[in-house]
Amino acid sequence: METAPQVAQEGTLLSDRNTDVTLEVHDAPQCTAVNDILARVGDKWSVRVVMALTDGSQRFNQLRREIPGISQRMLTRTLRGLERDGLVSRAVTPSVPPRVDYALTELGRSLCDPVARLGNWAIANITKVEAARAVYDGGQD
């Protein structure tokens, strides 16, 4: 298998270690798109909304009660962004007042496992991260 010649990024040195790793070449527009998606799914509130919807659809005020600390404005913005990205659906039932339910789409449900894994990793490693922060902060005098 031929591999493309490796070019060191600015500030990095090439190493002969890990030569079994396949390098994927990404173009700038693709990297920008990935960054946009990661910014959405890595956002604190987006993660909380996605996890709150894992058990099924909820109304706006149910979500707001389930996610402590989120403001009405931030929940609205987060839901709109998740809907725009195809992760959440919004269903309006005509009534007085109108009933609006939010649910994960198939794409949104596919995000639950990676988010849960990341959350579990954070829980498993929180003491190590806190210890590293204490060491780092102690050396910043």
# chains A, B, ... in the order shown; residues from 1 in each chain; ligands from 1
call {"tool": "select_by_dssp", "arguments": {"residues": "segment 41-90 of chain A", "states": "strand (DSSP E or B)", "output": "list in words"}}
result
Gln58, Arg59, Val88, Ser89 and Arg90 of chain A
call {"tool": "residues_around", "arguments": {"residues": "Pro114 of chain A", "least_positions_apart": "6", "cutoff": "12 Å", "atoms": "only C-alpha atoms", "output": "PyMOL selection string"}}
result
chain A and resi 41-42+47+50-51+108+120-121
call {"tool": "write_last_selection", "arguments": {"atoms": "N, CA and C atoms", "output": "CSV table (one decimal), in the first residue's frame"}}
result
chain,number,residue,atom,x,y,z
A,41,VAL,N,-22.5,19.7,18.7
A,41,VAL,CA,-22.7,18.5,19.6
A,41,VAL,C,-21.8,18.5,20.8
A,42,GLY,N,-20.8,19.4,20.8
A,42,GLY,CA,-20.0,19.5,22.0
A,42,GLY,C,-20.4,20.7,22.9
A,47,VAL,N,-25.6,19.0,24.5
A,47,VAL,CA,-25.5,17.7,25.1
A,47,VAL,C,-26.5,17.4,26.1
A,50,VAL,N,-29.9,16.8,24.3
A,50,VAL,CA,-29.9,15.5,23.7
A,50,VAL,C,-30.2,14.4,24.7
A,51,MET,N,-29.4,14.5,25.8
A,51,MET,CA,-29.6,13.4,26.8
A,51,MET,C,-30.9,13.5,27.5
A,108,GLY,N,-30.3,12.3,15.7
A,108,GLY,CA,-30.1,12.7,17.1
A,108,GLY,C,-29.9,11.5,18.0
A,120,ASN,N,-19.5,9.2,30.5
A,120,ASN,CA,-19.0,8.1,31.3
A,120,ASN,C,-17.4,8.3,31.5
A,121,TRP,N,-16.8,8.7,30.4
A,121,TRP,CA,-15.3,8.9,30.5
A,121,TRP,C,-15.0,10.0,31.4
call {"tool": "select_by_dssp", "arguments": {"residues": "segment 43-105 of chain A", "states": "alpha helix (DSSP H)", "output": "JSON, numbers by chain"}}
result
{"A": [44, 45, 46, 47, 48, 49, 50, 51, 52, 60, 61, 62, 63, 64, 65, 66, 72, 73, 74, 75, 76, 77, 78, 79, 80, 81, 82, 83, 84]}
call {"tool": "atom_distance", "arguments": {"atom1": "atom CA of Ile126 of chain A", "atom2": "atom CA of Ala52 of chain A"}}
result
21.9 Å
call {"tool": "atom_distance", "arguments": {"atom1": "atom CA of Ala116 of chain A", "atom2": "atom CA of Asp43 of chain A"}}
result
14.1 Å
call {"tool": "residues_around", "arguments": {"residues": "Gly56 of chain A", "least_positions_apart": "2", "cutoff": "12 Å", "atoms": "only C-alpha atoms", "output": "list in words"}}
result
Val49, Val50, Met51, Ala52, Leu53, Thr54, Gln58, Arg59, Gln62, Leu63, Val88, Ser89, Asp101, Tyr102, Ala103, Leu104, Thr105, Glu106, Gly108 and Arg109 of chain A
call {"tool": "atom_distance", "arguments": {"atom1": "atom CA of Phe60 of chain A", "atom2": "atom CA of Arg77 of chain A"}}
result
11.9 Å
call {"tool": "closest_residue", "arguments": {"among": "A:Ser95, A:Trp45, A:Ala28, A:Ala124", "to": "Arg73 of chain A", "atoms": "only C-alpha atoms"}}
result
A:Trp45
call {"tool": "residues_around", "arguments": {"residues": "Leu38 of chain A", "least_positions_apart": "6", "cutoff": "12 Å", "atoms": "only C-alpha atoms", "output": "VMD selection string"}}
result
chain A and resid 31 to 32 44 46 to 47 85 111 115
call {"tool": "decode", "arguments": {"residues": "segment 72-141 of chain A", "atoms": "C-alpha atoms", "output": "compact mmCIF listing (two decimals), in the first residue's frame"}}
result
# COMPACT_ATOMS: atom_id res chain seq x y z
CA GLN A 72 -35.55 30.14 28.42
CA ARG A 73 -33.59 32.04 25.79
CA MET A 74 -30.70 29.54 25.79
CA LEU A 75 -33.06 26.56 25.58
CA THR A 76 -34.85 28.19 22.65
CA ARG A 77 -31.56 28.88 20.84
CA THR A 78 -30.26 25.39 21.55
CA LEU A 79 -33.43 23.68 20.32
CA ARG A 80 -33.43 25.79 17.15
CA GLY A 81 -29.80 24.90 16.45
CA LEU A 82 -30.41 21.20 17.07
CA GLU A 83 -33.49 21.32 14.84
CA ARG A 84 -31.53 23.10 12.11
CA ASP A 85 -28.85 20.42 12.26
CA GLY A 86 -31.43 17.65 11.99
CA LEU A 87 -30.89 16.29 15.49
CA VAL A 88 -34.23 17.35 17.00
CA SER A 89 -37.71 17.51 15.53
CA ARG A 90 -40.40 19.97 16.57
CA ALA A 91 -44.04 18.93 16.40
CA VAL A 92 -46.81 21.50 16.86
CA THR A 93 -50.25 20.23 17.86
CA PRO A 94 -52.95 22.79 17.15
CA SER A 95 -54.71 23.52 20.41
CA VAL A 96 -55.19 26.46 22.74
CA PRO A 97 -52.47 27.10 23.66
CA PRO A 98 -50.54 25.26 20.93
CA ARG A 99 -48.70 22.18 22.15
CA VAL A 100 -45.09 21.92 20.97
CA ASP A 101 -43.15 18.71 21.50
CA TYR A 102 -39.46 18.17 20.85
CA ALA A 103 -37.95 14.77 20.08
CA LEU A 104 -34.70 13.34 18.82
CA THR A 105 -34.59 12.43 15.16
CA GLU A 106 -32.91 9.23 14.02
CA LEU A 107 -29.73 11.27 13.57
CA GLY A 108 -30.11 12.72 17.06
CA ARG A 109 -30.59 9.24 18.54
CA SER A 110 -27.39 8.13 16.85
CA LEU A 111 -25.58 10.79 18.89
CA CYS A 112 -26.76 9.45 22.27
CA ASP A 113 -24.23 6.61 22.54
CA PRO A 114 -21.14 8.74 21.79
CA VAL A 115 -22.37 11.46 24.17
CA ALA A 116 -23.06 8.90 26.92
CA ARG A 117 -19.61 7.36 26.40
CA LEU A 118 -17.97 10.77 26.69
CA GLY A 119 -19.97 11.49 29.84
CA ASN A 120 -18.95 8.14 31.33
CA TRP A 121 -15.33 8.88 30.47
CA ALA A 122 -15.62 12.23 32.25
CA ILE A 123 -17.12 10.60 35.34
CA ALA A 124 -14.42 7.92 35.39
CA ASN A 125 -11.62 10.47 35.04
CA ILE A 126 -12.85 13.49 36.96
CA THR A 127 -10.48 12.94 39.91
CA LYS A 128 -7.49 12.67 37.55
CA VAL A 129 -8.50 15.85 35.75
CA GLU A 130 -9.03 17.71 39.02
CA ALA A 131 -5.62 16.50 40.29
CA ALA A 132 -3.94 17.65 37.07
CA ARG A 133 -5.63 21.04 37.38
CA ALA A 134 -4.47 21.39 40.97
CA VAL A 135 -0.88 20.62 39.97
CA TYR A 136 -1.05 23.01 37.04
CA ASP A 137 -2.71 25.79 39.04
CA GLY A 138 -0.20 25.33 41.87
CA GLY A 139 2.67 25.99 39.46
CA GLN A 140 1.13 29.18 38.07
CA ASP A 141 2.35 31.49 40.84
